[in-house]
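Okay, protein_5.pdb now, which holds PDB, C-alpha atoms and all ligand atoms:
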```pdb
ATOM      1  CA  MET A   1      -0.851   9.664  25.759
ATOM      2  CA  THR A   2       0.444  13.009  27.144
ATOM      3  CA  GLU A   3       3.770  14.700  26.310
ATOM      4  CA  SER A   4       4.949  14.333  29.931
ATOM      5  CA  GLU A   5       4.773  10.534  29.879
ATOM      6  CA  THR A   6       7.954   9.003  28.467
ATOM      7  CA  TYR A   7       9.065   5.391  28.282
ATOM      8  CA  VAL A   8      12.343   3.542  27.734
ATOM      9  CA  SER A   9      10.482   1.041  25.595
ATOM     10  CA  VAL A  10       6.840   0.280  24.851
ATOM     11  CA  THR A  11       5.259  -3.062  23.974
ATOM     12  CA  VAL A  12       1.890  -3.364  22.252
ATOM     13  CA  ARG A  13      -0.011  -6.620  21.813
ATOM     14  CA  VAL A  14      -2.189  -6.922  18.701
ATOM     15  CA  PRO A  15      -4.601  -9.735  17.791
ATOM     16  CA  ALA A  16      -5.176 -11.607  14.538
ATOM     17  CA  LYS A  17      -8.544 -11.541  12.768
ATOM     18  CA  VAL A  18     -10.879 -13.898  10.993
ATOM     19  CA  ASN A  19     -13.575 -12.681   8.591
ATOM     20  CA  VAL A  20     -16.978 -14.189   9.340
ATOM     21  CA  GLN A  21     -18.295 -12.420   6.247
ATOM     22  CA  LEU A  22     -16.181 -11.294   3.304
ATOM     23  CA  SER A  23     -18.386 -10.075   0.455
ATOM     24  CA  VAL A  24     -16.419  -8.640  -2.457
ATOM     25  CA  GLY A  25     -17.769  -6.270  -5.105
ATOM     26  CA  PRO A  26     -16.432  -5.664  -8.606
ATOM     27  CA  ALA A  27     -12.931  -4.216  -9.081
ATOM     28  CA  ARG A  28     -12.941  -0.407  -8.723
ATOM     29  CA  PRO A  29     -11.063   1.952 -11.038
ATOM     30  CA  ASP A  30      -8.308   2.244  -8.375
ATOM     31  CA  GLY A  31      -7.839  -1.556  -8.387
ATOM     32  CA  TYR A  32      -9.372  -2.092  -4.977
ATOM     33  CA  HIS A  33     -12.711  -3.830  -4.371
ATOM     34  CA  ASP A  34     -15.578  -2.542  -2.269
ATOM     35  CA  LEU A  35     -16.201  -4.948   0.585
ATOM     36  CA  ALA A  36     -18.780  -5.861   3.185
ATOM     37  CA  ASN A  37     -16.392  -7.381   5.587
ATOM     38  CA  VAL A  38     -17.218  -8.592   9.103
ATOM     39  CA  PHE A  39     -14.051  -8.857  11.176
ATOM     40  CA  LEU A  40     -13.697 -10.767  14.432
ATOM     41  CA  ALA A  41     -10.481 -10.289  16.423
ATOM     42  CA  VAL A  42      -9.154 -13.609  17.760
ATOM     43  CA  GLY A  43      -6.590 -14.411  20.419
ATOM     44  CA  LEU A  44      -3.439 -15.061  18.412
ATOM     45  CA  TYR A  45      -1.078 -12.144  18.950
ATOM     46  CA  ASP A  46       1.964 -10.327  17.636
ATOM     47  CA  GLU A  47       3.850  -8.203  20.184
ATOM     48  CA  ILE A  48       5.564  -5.077  18.918
ATOM     49  CA  THR A  49       8.212  -3.460  21.104
ATOM     50  CA  VAL A  50       9.679  -0.055  20.235
ATOM     51  CA  THR A  51      12.882   1.286  21.798
ATOM     52  CA  PRO A  52      14.704   4.555  21.027
ATOM     53  CA  ALA A  53      17.599   3.970  18.605
ATOM     54  CA  ASP A  54      19.954   5.975  16.354
ATOM     55  CA  THR A  55      18.089   4.984  13.187
ATOM     56  CA  LEU A  56      15.007   3.009  12.205
ATOM     57  CA  ARG A  57      15.604  -0.732  12.500
ATOM     58  CA  VAL A  58      13.201  -3.705  12.419
ATOM     59  CA  THR A  59      13.854  -7.153  13.887
ATOM     60  CA  CYS A  60      11.517 -10.114  14.118
ATOM     61  CA  ALA A  61      11.389 -13.356  16.099
ATOM     62  CA  GLY A  62       9.014 -16.300  15.840
ATOM     63  CA  PRO A  63       8.412 -19.409  13.715
ATOM     64  CA  ASP A  64       7.719 -17.404  10.499
ATOM     65  CA  ALA A  65      10.324 -14.687  11.178
ATOM     66  CA  ALA A  66      12.441 -15.560   8.120
ATOM     67  CA  GLN A  67       9.530 -14.568   5.834
ATOM     68  CA  VAL A  68       9.100 -11.082   7.360
ATOM     69  CA  PRO A  69      10.723  -8.219   5.397
ATOM     70  CA  LEU A  70      12.875  -6.089   7.722
ATOM     71  CA  ASP A  71      13.245  -3.078   5.426
ATOM     72  CA  ARG A  72      11.254   0.152   5.288
ATOM     73  CA  GLY A  73       8.491  -1.659   3.394
ATOM     74  CA  ASN A  74       7.524  -3.517   6.567
ATOM     75  CA  LEU A  75       4.156  -2.133   7.700
ATOM     76  CA  ALA A  76       5.518  -1.525  11.210
ATOM     77  CA  ALA A  77       8.363   0.572   9.769
ATOM     78  CA  ARG A  78       5.935   2.433   7.506
ATOM     79  CA  ALA A  79       3.721   3.167  10.522
ATOM     80  CA  ALA A  80       6.649   4.626  12.491
ATOM     81  CA  ILE A  81       7.734   6.740   9.488
ATOM     82  CA  ALA A  82       4.182   8.040   8.930
ATOM     83  CA  LEU A  83       3.685   9.048  12.566
ATOM     84  CA  ALA A  84       7.159  10.623  12.774
ATOM     85  CA  GLU A  85       6.624  12.641   9.563
ATOM     86  CA  ARG A  86       3.288  13.899  10.825
ATOM     87  CA  HIS A  87       4.842  15.079  14.067
ATOM     88  CA  GLY A  88       8.060  16.504  12.570
ATOM     89  CA  ARG A  89      10.495  14.068  14.117
ATOM     90  CA  GLU A  90      12.874  11.313  13.032
ATOM     91  CA  PRO A  91      11.599   7.714  13.160
ATOM     92  CA  ALA A  92      14.659   6.822  15.253
ATOM     93  CA  VAL A  93      13.383   3.642  16.786
ATOM     94  CA  HIS A  94      14.146  -0.066  16.986
ATOM     95  CA  ILE A  95      10.954  -2.021  16.263
ATOM     96  CA  HIS A  96      10.998  -5.614  17.420
ATOM     97  CA  ILE A  97       8.165  -7.904  16.310
ATOM     98  CA  ASP A  98       7.464 -11.063  18.298
ATOM     99  CA  LYS A  99       5.447 -12.806  15.632
ATOM    100  CA  ASP A 100       2.862 -15.449  16.430
ATOM    101  CA  ILE A 101       0.301 -14.564  13.712
ATOM    102  CA  PRO A 102       0.981 -16.520  10.496
ATOM    103  CA  VAL A 103       2.773 -14.538   7.763
ATOM    104  CA  ALA A 104       0.755 -14.070   4.510
ATOM    105  CA  GLY A 105      -1.941 -16.179   6.164
ATOM    106  CA  GLY A 106      -5.135 -14.136   5.753
ATOM    107  CA  MET A 107      -5.214 -13.235   9.451
ATOM    108  CA  ALA A 108      -3.975  -9.616   9.205
ATOM    109  CA  GLY A 109      -0.540 -10.340  10.672
ATOM    110  CA  GLY A 110       1.161  -7.527   8.752
ATOM    111  CA  SER A 111      -1.703  -5.183   9.575
ATOM    112  CA  ALA A 112      -1.349  -6.073  13.261
ATOM    113  CA  ASP A 113       2.303  -5.011  13.147
ATOM    114  CA  GLY A 114       1.387  -1.703  11.482
ATOM    115  CA  ALA A 115      -1.287  -0.892  14.065
ATOM    116  CA  GLY A 116       0.946  -2.050  16.914
ATOM    117  CA  ALA A 117       3.950   0.013  15.828
ATOM    118  CA  LEU A 118       1.740   3.084  15.430
ATOM    119  CA  LEU A 119       0.294   2.789  18.935
ATOM    120  CA  ALA A 120       3.688   1.915  20.430
ATOM    121  CA  CYS A 121       5.464   4.884  18.783
ATOM    122  CA  ASP A 122       2.650   7.200  19.851
ATOM    123  CA  ALA A 123       3.211   6.095  23.449
ATOM    124  CA  LEU A 124       7.039   6.153  23.205
ATOM    125  CA  TRP A 125       7.184   9.626  21.645
ATOM    126  CA  GLY A 126       4.284  11.108  23.606
ATOM    127  CA  THR A 127       2.760  12.345  20.353
ATOM    128  CA  GLY A 128      -0.716  12.237  21.906
ATOM    129  CA  ALA A 129      -2.415  11.263  18.634
ATOM    130  CA  SER A 130      -6.199  11.051  18.876
ATOM    131  CA  ARG A 131      -7.971   7.816  18.056
ATOM    132  CA  ASP A 132      -9.293   9.394  14.832
ATOM    133  CA  GLU A 133      -5.768  10.441  13.793
ATOM    134  CA  LEU A 134      -4.447   6.941  14.498
ATOM    135  CA  LEU A 135      -7.337   5.386  12.558
ATOM    136  CA  ALA A 136      -6.667   7.667   9.557
ATOM    137  CA  LEU A 137      -2.963   6.750   9.602
ATOM    138  CA  CYS A 138      -3.943   3.071   9.843
ATOM    139  CA  ALA A 139      -6.246   3.389   6.812
ATOM    140  CA  ASP A 140      -3.343   4.865   4.799
ATOM    141  CA  LEU A 141      -1.184   1.872   5.741
ATOM    142  CA  GLY A 142      -3.663  -0.790   4.569
ATOM    143  CA  SER A 143      -7.293  -1.806   4.383
ATOM    144  CA  ASP A 144      -7.199  -4.119   7.437
ATOM    145  CA  VAL A 145      -4.970  -1.974   9.667
ATOM    146  CA  PRO A 146      -7.766   0.129  11.280
ATOM    147  CA  PHE A 147      -9.465  -3.054  12.469
ATOM    148  CA  SER A 148      -6.224  -4.319  14.025
ATOM    149  CA  LEU A 149      -6.213  -1.141  16.102
ATOM    150  CA  ILE A 150      -9.790  -1.411  17.379
ATOM    151  CA  GLY A 151     -10.281  -5.205  17.601
ATOM    152  CA  GLY A 152     -13.494  -6.712  18.920
ATOM    153  CA  ALA A 153     -15.901  -7.181  16.034
ATOM    154  CA  ALA A 154     -16.646  -4.685  13.274
ATOM    155  CA  LEU A 155     -18.220  -4.267   9.868
ATOM    156  CA  GLY A 156     -15.708  -2.927   7.355
ATOM    157  CA  THR A 157     -16.976  -1.188   4.232
ATOM    158  CA  GLY A 158     -15.253   0.800   1.476
ATOM    159  CA  ARG A 159     -12.069  -1.196   0.859
ATOM    160  CA  GLY A 160     -12.517  -2.529   4.410
ATOM    161  CA  GLU A 161     -11.160   0.486   6.280
ATOM    162  CA  LYS A 162     -14.465   2.201   7.181
ATOM    163  CA  LEU A 163     -15.461   0.521  10.425
ATOM    164  CA  THR A 164     -18.676   0.176  12.388
ATOM    165  CA  GLU A 165     -18.193  -1.598  15.708
ATOM    166  CA  LEU A 166     -20.506  -4.558  16.263
ATOM    167  CA  ALA A 167     -22.097  -5.953  19.404
ATOM    168  CA  VAL A 168     -21.173  -9.529  20.261
ATOM    169  CA  THR A 169     -22.544 -11.727  23.017
ATOM    170  CA  GLY A 170     -20.130 -14.186  24.625
ATOM    171  CA  THR A 171     -17.173 -15.841  22.953
ATOM    172  CA  PHE A 172     -16.773 -17.902  19.789
ATOM    173  CA  HIS A 173     -14.325 -20.811  19.818
ATOM    174  CA  TRP A 174     -12.154 -21.305  16.746
ATOM    175  CA  VAL A 175      -9.504 -23.642  15.428
ATOM    176  CA  PHE A 176      -7.020 -22.345  12.844
ATOM    177  CA  ALA A 177      -4.958 -24.514  10.525
ATOM    178  CA  MET A 178      -1.814 -22.819   9.199
ATOM    179  CA  ALA A 179      -0.646 -23.730   5.713
ATOM    180  CA  PRO A 180       2.957 -24.600   4.791
ATOM    181  CA  ARG A 181       3.185 -21.550   2.497
ATOM    182  CA  GLY A 182       1.520 -18.134   2.275
ATOM    183  CA  LEU A 183      -0.775 -16.536  -0.310
ATOM    184  CA  SER A 184      -0.371 -12.990  -1.611
ATOM    185  CA  THR A 185      -3.515 -10.929  -0.986
ATOM    186  CA  PRO A 186      -3.271  -9.032  -4.324
ATOM    187  CA  ALA A 187      -2.864 -12.381  -6.126
ATOM    188  CA  VAL A 188      -6.025 -13.740  -4.474
ATOM    189  CA  PHE A 189      -8.007 -10.620  -5.471
ATOM    190  CA  ARG A 190      -6.648 -10.945  -9.027
ATOM    191  CA  GLU A 191      -7.814 -14.571  -9.085
ATOM    192  CA  PHE A 192     -11.231 -13.414  -7.787
ATOM    193  CA  ASP A 193     -11.390 -11.009 -10.764
ATOM    194  CA  ARG A 194     -10.318 -13.736 -13.194
ATOM    195  CA  LEU A 195     -12.866 -16.275 -11.915
ATOM    196  CA  GLY A 196     -15.662 -13.676 -11.982
ATOM    197  CA  ALA A 197     -14.706 -12.072 -15.302
ATOM    198  CA  ASP A 198     -17.988 -13.099 -16.970
ATOM    199  CA  ALA A 199     -20.203 -12.729 -13.893
ATOM    200  CA  ASP A 200     -22.359  -9.792 -12.870
ATOM    201  CA  ILE A 201     -20.905  -9.139  -9.397
ATOM    202  CA  PRO A 202     -23.350  -7.326  -7.085
ATOM    203  CA  ASP A 203     -22.374  -4.552  -4.676
ATOM    204  CA  PRO A 204     -21.514  -6.117  -1.316
ATOM    205  CA  VAL A 205     -23.909  -5.753   1.623
ATOM    206  CA  ALA A 206     -23.609  -6.793   5.253
ATOM    207  CA  SER A 207     -25.383 -10.041   6.085
ATOM    208  CA  GLN A 208     -28.093  -9.524   8.703
ATOM    209  CA  ALA A 209     -27.799 -13.221   9.595
ATOM    210  CA  VAL A 210     -24.101 -12.753  10.460
ATOM    211  CA  LEU A 211     -24.796  -9.626  12.532
ATOM    212  CA  ASP A 212     -27.673 -11.375  14.373
ATOM    213  CA  ALA A 213     -25.578 -14.469  15.082
ATOM    214  CA  LEU A 214     -22.767 -12.334  16.558
ATOM    215  CA  ALA A 215     -25.242 -10.339  18.638
ATOM    216  CA  SER A 216     -26.932 -13.477  19.991
ATOM    217  CA  GLY A 217     -23.678 -15.400  20.565
ATOM    218  CA  ASP A 218     -25.066 -18.463  18.810
ATOM    219  CA  PRO A 219     -22.260 -20.452  17.123
ATOM    220  CA  GLY A 220     -24.760 -22.667  15.280
ATOM    221  CA  ALA A 221     -26.402 -19.614  13.706
ATOM    222  CA  LEU A 222     -22.994 -18.079  12.878
ATOM    223  CA  ALA A 223     -21.878 -21.341  11.255
ATOM    224  CA  VAL A 224     -24.826 -21.207   8.862
ATOM    225  CA  ALA A 225     -24.340 -17.501   8.097
ATOM    226  CA  VAL A 226     -20.571 -17.214   7.444
ATOM    227  CA  SER A 227     -19.352 -16.580   3.896
ATOM    228  CA  ASN A 228     -16.135 -15.712   2.110
ATOM    229  CA  ASP A 229     -16.217 -14.591  -1.532
ATOM    230  CA  LEU A 230     -12.411 -14.962  -1.706
ATOM    231  CA  GLN A 231     -12.571 -18.669  -0.833
ATOM    232  CA  PRO A 232     -12.964 -19.961  -4.429
ATOM    233  CA  ALA A 233      -9.998 -17.811  -5.476
ATOM    234  CA  ALA A 234      -7.849 -19.032  -2.563
ATOM    235  CA  LEU A 235      -8.796 -22.659  -3.348
ATOM    236  CA  SER A 236      -8.026 -22.126  -7.018
ATOM    237  CA  LEU A 237      -4.493 -20.960  -6.128
ATOM    238  CA  PHE A 238      -4.062 -23.477  -3.302
ATOM    239  CA  PRO A 239      -6.224 -26.563  -4.062
ATOM    240  CA  GLU A 240      -4.835 -28.597  -1.125
ATOM    241  CA  LEU A 241      -6.799 -26.333   1.246
ATOM    242  CA  ALA A 242      -9.915 -28.322   0.297
ATOM    243  CA  ASP A 243      -8.427 -31.334   2.123
ATOM    244  CA  THR A 244      -7.876 -29.279   5.286
ATOM    245  CA  LEU A 245     -11.427 -27.895   5.145
ATOM    246  CA  ALA A 246     -12.818 -31.417   4.723
ATOM    247  CA  ALA A 247     -10.700 -32.750   7.603
ATOM    248  CA  GLY A 248     -11.986 -30.027   9.931
ATOM    249  CA  ARG A 249     -15.605 -30.656   8.961
ATOM    250  CA  ALA A 250     -15.149 -34.386   9.546
ATOM    251  CA  ALA A 251     -13.610 -33.577  12.945
ATOM    252  CA  GLY A 252     -16.846 -31.895  14.072
ATOM    253  CA  ALA A 253     -16.435 -28.243  13.118
ATOM    254  CA  LEU A 254     -19.758 -26.392  12.811
ATOM    255  CA  THR A 255     -18.344 -24.757   9.705
ATOM    256  CA  ALA A 256     -15.030 -24.514   7.876
ATOM    257  CA  LEU A 257     -13.837 -21.610   5.763
ATOM    258  CA  VAL A 258     -10.749 -19.896   4.428
ATOM    259  CA  SER A 259      -9.704 -16.971   6.648
ATOM    260  CA  GLY A 260      -9.735 -13.775   4.578
ATOM    261  CA  SER A 261      -7.543 -14.212   1.493
ATOM    262  CA  GLY A 262      -6.059 -17.386   3.047
ATOM    263  CA  PRO A 263      -4.398 -19.759   3.157
ATOM    264  CA  THR A 264      -5.130 -20.164   6.879
ATOM    265  CA  THR A 265      -8.334 -22.171   7.306
ATOM    266  CA  ALA A 266     -10.772 -21.435  10.145
ATOM    267  CA  PHE A 267     -13.071 -23.874  11.922
ATOM    268  CA  LEU A 268     -15.881 -22.793  14.232
ATOM    269  CA  ALA A 269     -16.460 -25.048  17.238
ATOM    270  CA  GLY A 270     -19.531 -25.295  19.449
ATOM    271  CA  ASP A 271     -17.494 -24.783  22.636
ATOM    272  CA  ALA A 272     -13.927 -24.831  24.000
ATOM    273  CA  ASP A 273     -13.833 -28.621  24.516
ATOM    274  CA  SER A 274     -15.010 -29.245  20.989
ATOM    275  CA  ALA A 275     -12.321 -26.844  19.680
ATOM    276  CA  THR A 276      -9.663 -28.893  21.497
ATOM    277  CA  VAL A 277     -10.946 -32.125  19.916
ATOM    278  CA  ILE A 278     -11.145 -30.603  16.412
ATOM    279  CA  ALA A 279      -7.607 -29.239  16.800
ATOM    280  CA  SER A 280      -6.165 -32.625  17.757
ATOM    281  CA  VAL A 281      -7.979 -34.457  14.939
ATOM    282  CA  LEU A 282      -6.797 -31.804  12.462
ATOM    283  CA  ARG A 283      -3.203 -32.132  13.713
ATOM    284  CA  ALA A 284      -3.382 -35.902  13.244
ATOM    285  CA  SER A 285      -4.787 -35.459   9.709
ATOM    286  CA  GLY A 286      -1.446 -34.018   8.598
ATOM    287  CA  THR A 287      -3.198 -31.642   6.169
ATOM    288  CA  SER A 288      -1.612 -28.459   7.563
ATOM    289  CA  ALA A 289       1.674 -27.139   8.951
ATOM    290  CA  SER A 290       0.305 -26.346  12.418
ATOM    291  CA  VAL A 291      -3.005 -26.020  14.242
ATOM    292  CA  ARG A 292      -4.030 -23.533  16.948
ATOM    293  CA  THR A 293      -7.146 -22.766  18.956
ATOM    294  CA  ALA A 294      -8.198 -19.164  19.662
ATOM    295  CA  GLU A 295     -11.249 -17.337  20.977
ATOM    296  CA  GLY A 296     -12.874 -14.149  19.799
ATOM    297  CA  PRO A 297     -13.758 -11.379  20.080
ATOM    298  CA  VAL A 298     -10.728  -9.977  21.916
ATOM    299  CA  PRO A 299      -9.641  -6.322  22.273
ATOM    300  CA  GLY A 300      -7.524  -4.619  19.606
ATOM    301  CA  ALA A 301      -4.014  -3.167  19.932
ATOM    302  CA  THR A 302      -3.190  -2.710  23.629
ATOM    303  CA  VAL A 303      -0.116  -1.333  25.394
ATOM    304  CA  VAL A 304       1.108  -4.046  27.788
TER     305      VAL A 304
HETATM  306  O1  LIG A 401      -5.052  -2.357   1.529
HETATM  307  P1  LIG A 401      -3.976  -3.369   1.393
HETATM  308  O2  LIG A 401      -2.643  -2.768   1.043
HETATM  309  O3  LIG A 401      -3.875  -4.300   2.565
HETATM  310  O4  LIG A 401      -4.401  -4.276   0.174
HETATM  311  C1  LIG A 401      -3.511  -5.187  -0.397
HETATM  312  C2  LIG A 401      -4.010  -5.555  -1.783
HETATM  313  O5  LIG A 401      -5.202  -6.320  -1.685
HETATM  314  C3  LIG A 401      -4.362  -4.369  -2.656
HETATM  315  O6  LIG A 401      -3.254  -3.899  -3.340
HETATM  316  C4  LIG A 401      -5.389  -4.972  -3.599
HETATM  317  O7  LIG A 401      -4.733  -5.734  -4.591
HETATM  318  C5  LIG A 401      -6.098  -5.956  -2.713
HETATM  319  N1  LIG A 401      -7.330  -5.399  -2.100
HETATM  320  C6  LIG A 401      -8.441  -5.179  -2.913
HETATM  321  N2  LIG A 401      -9.583  -4.671  -2.362
HETATM  322  C7  LIG A 401      -9.646  -4.408  -1.034
HETATM  323  C8  LIG A 401      -8.534  -4.628  -0.197
HETATM  324  C9  LIG A 401      -7.386  -5.135  -0.771
HETATM  325  O8  LIG A 401      -8.407  -5.432  -4.116
HETATM  326  N3  LIG A 401     -10.774  -3.928  -0.520
END
```
Full structure transcribed into C-alpha cells:
Amino acid sequence: MTESETYVSVTVRVPAKVNVQLSVGPARPDGYHDLANVFLAVGLYDEITVTPADTLRVTCAGPDAAQVPLDRGNLAARAAIALAERHGREPAVHIHIDKDIPVAGGMAGGSADGAGALLACDALWGTGASRDELLALCADLGSDVPFSLIGGAALGTGRGEKLTELAVTGTFHWVFAMAPRGLSTPAVFREFDRLGADADIPDPVASQAVLDALASGDPGALAVAVSNDLQPAALSLFPELADTLAAGRAAGALTALVSGSGPTTAFLAGDADSATVIASVLRASGTSASVRTAEGPVPGATVV
C-alpha cells in the first residue's frame, strides 16, 4: 500500500484454519513446542474493519462476541499497537470484529483477528509494510498468526510460525462441529506435556503422505494421512468430544479429528454433497452446539 492511498475505513476478511497434520515435539526451554504443522485455510471468516478514531477501541459482533476480550490484550488491538509503534504513530483506530470463527475453538480465530487488523491498519495508515515485515509482526503476535495472513496451505515449523507454502490440487470439503465451550490452547499443550511425561517424544517431521494427498487433491488419501498429536490432550480435557467424533464418522465422514487444540471437531467429506449430508446428521445428533460446512484451501487475509 502506498502513502498516497488513504481510506475512511478498511475491511479485511480472514479465514479460519484446520490442521491436517499437527505433530508436537517435546516442550522447549521457552515453554513452546516445536511443531510440524500443516495448515489448511478454510472458508469460515472473521471480518475486521478499522476506522480512524480518537483512541484505540475494539468492538465485536457475532454469536460468540461476549467471549471476546475488548481490551488491549485482544490480538487485533495488539497488532494495531505493534504496527503503530513501528511506524511512530498513535494506534488511534476503532477496530470492529465481525466474528464468525469460533472463539477458543482451535481454528485460529484470534490469530485471524490479529492478521486482519495488521493488514487493515497497514492499508488505513498507508504504512506500506512489506510482506516480510507483516509476517515478522504476525510471528511476534502468535504462532498461528503468520498463517492467517497467507492462507492457502502451508507447513509450519519452529513453534508454527516458520511457513513453507504448499501446493494443493482442487478443494477439500469439510464439516466443522462447534463445541458449547472453548479450550485454552496453553492448557491443551500443558495436558499434552502431562500425558507424555514418561514418553520419549520424537522431534516432529512433516508427513510426506499428508503433503502428497494435498498435492494430488485426493480426500481419501488425506483422510488416511491426517494426524493431530494434541487430540488425546483435547479429549482428556473435553471427553464429550469423542461422541461428536463418533457421530461424524457414523454419518459418513472419511475421517474425524479435533481441529488444532480444539474443541472444534473437523470431518473430511468426499465431496460437497456428502459434506451437506454429514452436517445434517451431525446437527440431528445433538452432540455439538452448531455445525458448519466449509471448503479449503482459501486465500489468507484479503482487503475487501
Ligand atoms: O503462540 P501463541 O501465543 O498462539 O501460543 C499460545 C500458547 O500455546 C503458548 O503460550 C504455549 O503455551 C502454547 N504453544 C506451544 N507451542 C507452540 C505454540 C503454542 O506450547 N508451538
Spell out the residues picked by the PyMOL selection byres (((chain A and resi 18) around 8) and not hetatm) here, as number ranges by chain.
A: 16-17, 19-20, 39-42, 106-107, 259-260, 266
Contacts of region 229-240 of chain A within 8 Å, only C-alpha atoms, excl. fewer than 3 positions in-chain, as a PDB file with C-alpha atoms, in the frame of the given file:
```
ATOM      1  CA  LEU A  22     -16.181 -11.294   3.304  1.00  0.00           C
ATOM      2  CA  SER A  23     -18.386 -10.075   0.455  1.00  0.00           C
ATOM      3  CA  VAL A  24     -16.419  -8.640  -2.457  1.00  0.00           C
ATOM      4  CA  LEU A 183      -0.775 -16.536  -0.310  1.00  0.00           C
ATOM      5  CA  VAL A 188      -6.025 -13.740  -4.474  1.00  0.00           C
ATOM      6  CA  PHE A 189      -8.007 -10.620  -5.471  1.00  0.00           C
ATOM      7  CA  GLU A 191      -7.814 -14.571  -9.085  1.00  0.00           C
ATOM      8  CA  PHE A 192     -11.231 -13.414  -7.787  1.00  0.00           C
ATOM      9  CA  LEU A 195     -12.866 -16.275 -11.915  1.00  0.00           C
ATOM     10  CA  ASP A 243      -8.427 -31.334   2.123  1.00  0.00           C
ATOM     11  CA  THR A 244      -7.876 -29.279   5.286  1.00  0.00           C
ATOM     12  CA  LEU A 257     -13.837 -21.610   5.763  1.00  0.00           C
ATOM     13  CA  VAL A 258     -10.749 -19.896   4.428  1.00  0.00           C
ATOM     14  CA  GLY A 260      -9.735 -13.775   4.578  1.00  0.00           C
ATOM     15  CA  SER A 261      -7.543 -14.212   1.493  1.00  0.00           C
ATOM     16  CA  GLY A 262      -6.059 -17.386   3.047  1.00  0.00           C
ATOM     17  CA  PRO A 263      -4.398 -19.759   3.157  1.00  0.00           C
TER      18      PRO A 263
END
```
For each of A:Trp125, A:Arg72, A:Asn37, A:Thr171, take the minimum atom-to-atom distance to Asp144 (chain A), counting only C-alpha atoms, then give the residue where this is smallest.
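Using only C-alpha atoms, the shortest distance to Asp144 (chain A) belongs to A:Asn37.
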Once the PyMOL selection byres (((not hetatm)) within 6 of (chain A and resi 401)) has been applied to the shown file, what residues remain in the selection, as a compact mmCIF listing (two decimals) with C-alpha atoms, in the frame of the given file?
```txt
# COMPACT_ATOMS: atom_id res chain seq x y z
CA GLY A 31 -7.84 -1.56 -8.39
CA TYR A 32 -9.37 -2.09 -4.98
CA HIS A 33 -12.71 -3.83 -4.37
CA ASP A 34 -15.58 -2.54 -2.27
CA LEU A 35 -16.20 -4.95 0.58
CA GLY A 142 -3.66 -0.79 4.57
CA SER A 143 -7.29 -1.81 4.38
CA ASP A 144 -7.20 -4.12 7.44
CA ARG A 159 -12.07 -1.20 0.86
CA GLY A 160 -12.52 -2.53 4.41
CA THR A 185 -3.52 -10.93 -0.99
CA PRO A 186 -3.27 -9.03 -4.32
CA PHE A 189 -8.01 -10.62 -5.47
```
Closest to Ala115 (chain A) among A:Gly25, A:Gly151, A:Pro91, A:Pro52, using all atoms listed in the file?
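Closest to Ala115 (chain A) of all the choices is A:Gly151.
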Using the chain letters and residue numbers of this document, give as a VMD selection string the residues selected by the PyMOL selection byres (((chain A and resi 99-104) around 9) and not hetatm).
chain A and resid 15 to 16 44 to 48 60 to 65 67 to 68 97 to 98 105 to 110 112 to 113 178 to 179 181 to 185 261 to 264
Hey, which of A:Thr287, A:Gln21, A:Asn74, A:Asn228 ends up closest to Leu241 (chain A)? Count all atoms listed in the file.
A:Thr287
